[in-house]
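Below is one structure, written out as structure tokens; the observations come after it.
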Amino acid sequence: MSAEPRTVAPPVAVPPAAAVAHRPLDLTLLAVAIAGVSFSAPLIAATAAPALAIAFWRNAMAVGVLTPFVLRRNLGELRRMGRRSLLLSVAAGATLALHFGLWLPSLSMTSVATSTALCTTTPIWTTIILRIRGHRPPRMVWAGTLLAVVGVIILTGIDMSTDTRALGGDALALGGGIAAAAYVLLGAEVRRTASTTAYTYICYSTTAAALLVACLVSGASLGGYSGETWLKLVALTVAAQLLGHSLLNRVVHGLGPSTTSTAILLETPGAALIAALWLGQTPPAMAYPALGVILAGLALVILADRKSSPVPADLPATPGGA
């Protein structure tokens, strides 16, 4: 008697990138993240502490908050993390520290508007790096990225100066934007196999360590602040670091580096609106039109992602939990 033929289940279709990447939860978390990082500039402007020290404390405090969760839920994952993921996480932390180390000093060397506009060229560099790595972004991604950057330029303006110090500040701000692109791409790669908490813990620890060295070398004061200043540092950590950067690292796995880096451009008009409500600073007349242009550019990038090819079947799944 012959064996009963086995029933072979049909292959499970891999959902297209849009079905995975553009879930309502991811987009909601992205909106919360943008709101969080939008508090960064107003809080930094209102905090009486050296810029590098502010950058150090926001990362160091975030590590302190994450430590109990890591010890309880992610210690095993950290021990099992492969050498490649560990090195990429450290590299992401180093590039984030470089981003802060380049951009913050540029604010005192060139105009804030020029520094902001040059530093927010991040999505352009993200797209270029992806192209160098062999990925061919659709033309709509290029168009949306450039349109979004134009929106930031409309809001901030670029007043290029021939002064040597100002040109040095411009170069630092541009370098800060390139470093931020590397940070986003490295994070997207690590998040293919690591949870958000494990990745950000290593990343922020590296960033804090690098910035501590920078503070000690530059002589930036790390203490002696008023109680109000410490409260603002805590608020900056919660809003910009834990809700901002951490949620960006959470959604970059699903939304992709192009959409995530382009969405970060919304920080500029967001910060302007928060400064108007909190600090009483009147937003520039072009704030609302610029916001519309940035949103239009972001919409083009998202639409391009929806038309992208399906997720490869061998793409590693992300462990559950944040």
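Quick note on naming: the chains in the structure tokens go A, B, ... in the order shown, residues restart at 1 in each chain, and ligands are numbered from 1 in order of appearance.
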Enumerate, in order of chain and increasing residue number, the residues of range 90-158 of chain A with an atom no farther than 12 Å from range 233-250 of chain A, each with its shortest atom pair and distance in Å to one decimal, counting only C-alpha atoms, as JSON lines.
{"residue": "A:Ala92", "atom": "CA", "partner": "A:Asn249", "partner_atom": "CA", "distance": 10.9}
{"residue": "A:Gly93", "atom": "CA", "partner": "A:His245", "partner_atom": "CA", "distance": 11.8}
{"residue": "A:Leu96", "atom": "CA", "partner": "A:His245", "partner_atom": "CA", "distance": 10.4}
task: Would you kindly return, as a ChimeraX atom specification, each protein, DNA or RNA residue with an atom no farther than 12 Å from any atom of Pro289 in chain A, considering only C-alpha atoms and excluding same-chain residues fewer than 2 positions away?
output: /A:148,150-155,269,283-287,291-296
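Computed from the coordinates, the CA of Ala143 in chain A to CA of Thr127 in chain A distance equals 11.0 Å.
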field: Counting only C-alpha atoms, the option among A:Ile34, A:Met81, A:Arg131, A:Leu167 closest to Arg191 in chain A
entry: A:Met81
- request: Compile the contact shell of range 208-212 of chain A as JSON, numbers by chain: residues with an atom at most 12 Å away, counting only C-alpha atoms, same-chain residues fewer than 5 positions apart removed.
  value: {"A": [50, 51, 52, 53, 54, 55, 56, 57, 58, 59, 60, 61, 62, 63, 64, 90, 91, 92, 93, 94, 95, 96, 97, 98, 99, 100, 101, 102, 104, 200, 201, 202, 203, 217, 218, 219, 220, 221, 222]}
Output file for the selection above: N, CA and C atoms, as a short mmCIF file (atom, residue, chain, number, x, y, z; two decimals), in the first residue's frame:
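Output saved as again38.cif:
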data_model
loop_
_atom_site.label_atom_id
_atom_site.label_comp_id
_atom_site.auth_asym_id
_atom_site.auth_seq_id
_atom_site.Cartn_x
_atom_site.Cartn_y
_atom_site.Cartn_z
N PRO A 50 26.66 74.38 28.88
CA PRO A 50 27.40 74.27 27.60
C PRO A 50 26.73 73.27 26.67
N ALA A 51 26.80 73.54 25.37
CA ALA A 51 26.11 72.71 24.38
C ALA A 51 26.57 71.26 24.44
N LEU A 52 27.88 71.03 24.51
CA LEU A 52 28.37 69.65 24.54
C LEU A 52 27.95 68.94 25.83
N ALA A 53 27.89 69.70 26.93
CA ALA A 53 27.44 69.11 28.19
C ALA A 53 25.97 68.72 28.11
N ILE A 54 25.17 69.55 27.46
CA ILE A 54 23.75 69.22 27.27
C ILE A 54 23.62 67.93 26.47
N ALA A 55 24.40 67.83 25.39
CA ALA A 55 24.36 66.61 24.57
C ALA A 55 24.79 65.40 25.38
N PHE A 56 25.81 65.55 26.23
CA PHE A 56 26.26 64.44 27.06
C PHE A 56 25.17 64.01 28.03
N TRP A 57 24.59 64.95 28.75
CA TRP A 57 23.63 64.60 29.80
C TRP A 57 22.36 63.98 29.22
N ARG A 58 21.91 64.42 28.06
CA ARG A 58 20.69 63.83 27.50
C ARG A 58 20.91 62.36 27.14
N ASN A 59 22.12 62.02 26.73
CA ASN A 59 22.43 60.62 26.43
C ASN A 59 22.71 59.83 27.70
N ALA A 60 23.46 60.42 28.63
CA ALA A 60 23.79 59.72 29.88
C ALA A 60 22.53 59.44 30.70
N MET A 61 21.63 60.42 30.78
CA MET A 61 20.38 60.22 31.51
C MET A 61 19.52 59.16 30.84
N ALA A 62 19.51 59.14 29.51
CA ALA A 62 18.74 58.12 28.80
C ALA A 62 19.27 56.73 29.11
N VAL A 63 20.60 56.59 29.18
CA VAL A 63 21.20 55.30 29.54
C VAL A 63 20.77 54.91 30.95
N GLY A 64 20.74 55.88 31.86
CA GLY A 64 20.31 55.60 33.22
C GLY A 64 18.87 55.11 33.30
N VAL A 90 27.81 50.34 18.13
CA VAL A 90 28.85 51.25 18.62
C VAL A 90 29.15 52.32 17.57
N ALA A 91 29.21 51.91 16.30
CA ALA A 91 29.45 52.87 15.23
C ALA A 91 28.33 53.90 15.14
N ALA A 92 27.08 53.45 15.33
CA ALA A 92 25.95 54.38 15.32
C ALA A 92 26.07 55.39 16.45
N GLY A 93 26.47 54.91 17.64
CA GLY A 93 26.67 55.82 18.77
C GLY A 93 27.77 56.82 18.50
N ALA A 94 28.84 56.38 17.85
CA ALA A 94 29.94 57.28 17.52
C ALA A 94 29.51 58.34 16.52
N THR A 95 28.71 57.94 15.51
CA THR A 95 28.26 58.92 14.52
C THR A 95 27.25 59.89 15.13
N LEU A 96 26.45 59.42 16.10
CA LEU A 96 25.52 60.33 16.77
C LEU A 96 26.30 61.35 17.59
N ALA A 97 27.35 60.91 18.27
CA ALA A 97 28.20 61.84 19.01
C ALA A 97 28.87 62.83 18.06
N LEU A 98 29.30 62.33 16.90
CA LEU A 98 29.91 63.21 15.90
C LEU A 98 28.91 64.24 15.40
N HIS A 99 27.66 63.80 15.22
CA HIS A 99 26.60 64.73 14.81
C HIS A 99 26.46 65.88 15.80
N PHE A 100 26.36 65.54 17.09
CA PHE A 100 26.26 66.57 18.12
C PHE A 100 27.53 67.42 18.17
N GLY A 101 28.68 66.75 18.10
CA GLY A 101 29.96 67.46 18.22
C GLY A 101 30.24 68.42 17.09
N LEU A 102 29.69 68.13 15.91
CA LEU A 102 29.88 69.03 14.77
C LEU A 102 28.82 70.12 14.71
N LEU A 104 26.48 71.33 17.07
CA LEU A 104 26.31 72.30 18.16
C LEU A 104 27.35 73.42 18.12
N THR A 200 19.46 50.88 21.25
CA THR A 200 19.63 52.23 21.76
C THR A 200 20.49 52.27 23.02
N TYR A 201 20.46 51.18 23.81
CA TYR A 201 21.28 51.16 25.03
C TYR A 201 22.77 51.20 24.67
N ILE A 202 23.16 50.39 23.71
CA ILE A 202 24.56 50.39 23.28
C ILE A 202 24.90 51.71 22.58
N CYS A 203 23.99 52.16 21.72
CA CYS A 203 24.21 53.39 20.96
C CYS A 203 24.36 54.59 21.88
N VAL A 217 37.92 67.27 27.26
CA VAL A 217 38.98 67.88 26.43
C VAL A 217 38.73 69.36 26.23
N SER A 218 37.46 69.72 25.98
CA SER A 218 37.13 71.13 25.70
C SER A 218 36.96 71.96 26.96
N GLY A 219 36.87 71.30 28.12
CA GLY A 219 36.70 72.03 29.37
C GLY A 219 35.27 72.45 29.65
N ALA A 220 34.31 71.84 28.98
CA ALA A 220 32.90 72.16 29.21
C ALA A 220 32.48 71.71 30.61
N SER A 221 31.84 72.58 31.34
CA SER A 221 31.42 72.28 32.71
C SER A 221 30.29 71.25 32.71
N LEU A 222 30.44 70.20 33.52
CA LEU A 222 29.43 69.14 33.59
C LEU A 222 28.54 69.25 34.81
#
- request: Record the distance separating CA of Val190 in chain A and CA of Thr122 in chain A, expressed in Å with one decimal.
  value: 19.0 Å
task: Please indicate the distance in Å from CA of Val251 in chain A to CA of Leu29 in chain A, rounded to one decimal place.
output: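 The value is 7.1 Å.
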Closest of A:Trp103, A:Phe69, A:Trp125, A:Trp230 to Asp170 in chain A - atom-to-atom distances counting only C-alpha atoms: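 Going through A:Trp103, A:Phe69, A:Trp125, A:Trp230 one by one, the smallest distance to Asp170 in chain A is for A:Trp103.
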task: Could you check which of A:Ala33, A:Leu66, A:Leu43, A:Ala179 is closest to Ser205 in chain A, using only C-alpha atoms?
output: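 Closest to Ser205 in chain A, using only C-alpha atoms: A:Leu66.
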message: From the options A:Ile132, A:Val213, A:Cys119, A:Leu88, which residue's atoms come nearest to Tyr183 in chain A, counting only C-alpha atoms?
response: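 Comparing A:Ile132, A:Val213, A:Cys119, A:Leu88 against Tyr183 in chain A, the winner is A:Leu88.
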- request: Would you return as JSON, numbers by chain the members of range 162-305 of chain A that DSSP assigns to alpha helix (DSSP H) on this structure's backbone?
  value: {"A": [164, 165, 166, 167, 168, 169, 170, 171, 172, 173, 174, 175, 176, 177, 178, 179, 180, 181, 182, 183, 184, 185, 186, 187, 188, 189, 190, 196, 197, 198, 199, 200, 201, 202, 203, 204, 205, 206, 207, 208, 209, 210, 211, 212, 213, 214, 215, 216, 217, 218, 227, 228, 229, 230, 231, 232, 233, 234, 235, 236, 246, 247, 248, 249, 250, 251, 252, 253, 254, 255, 256, 257, 258, 259, 260, 261, 262, 263, 267, 268, 269, 270, 271, 272, 273, 274, 275, 276, 277, 278, 287, 288, 289, 290, 291, 292, 293, 294, 295, 296, 297, 298, 299, 300, 301, 302, 303, 304, 305]}
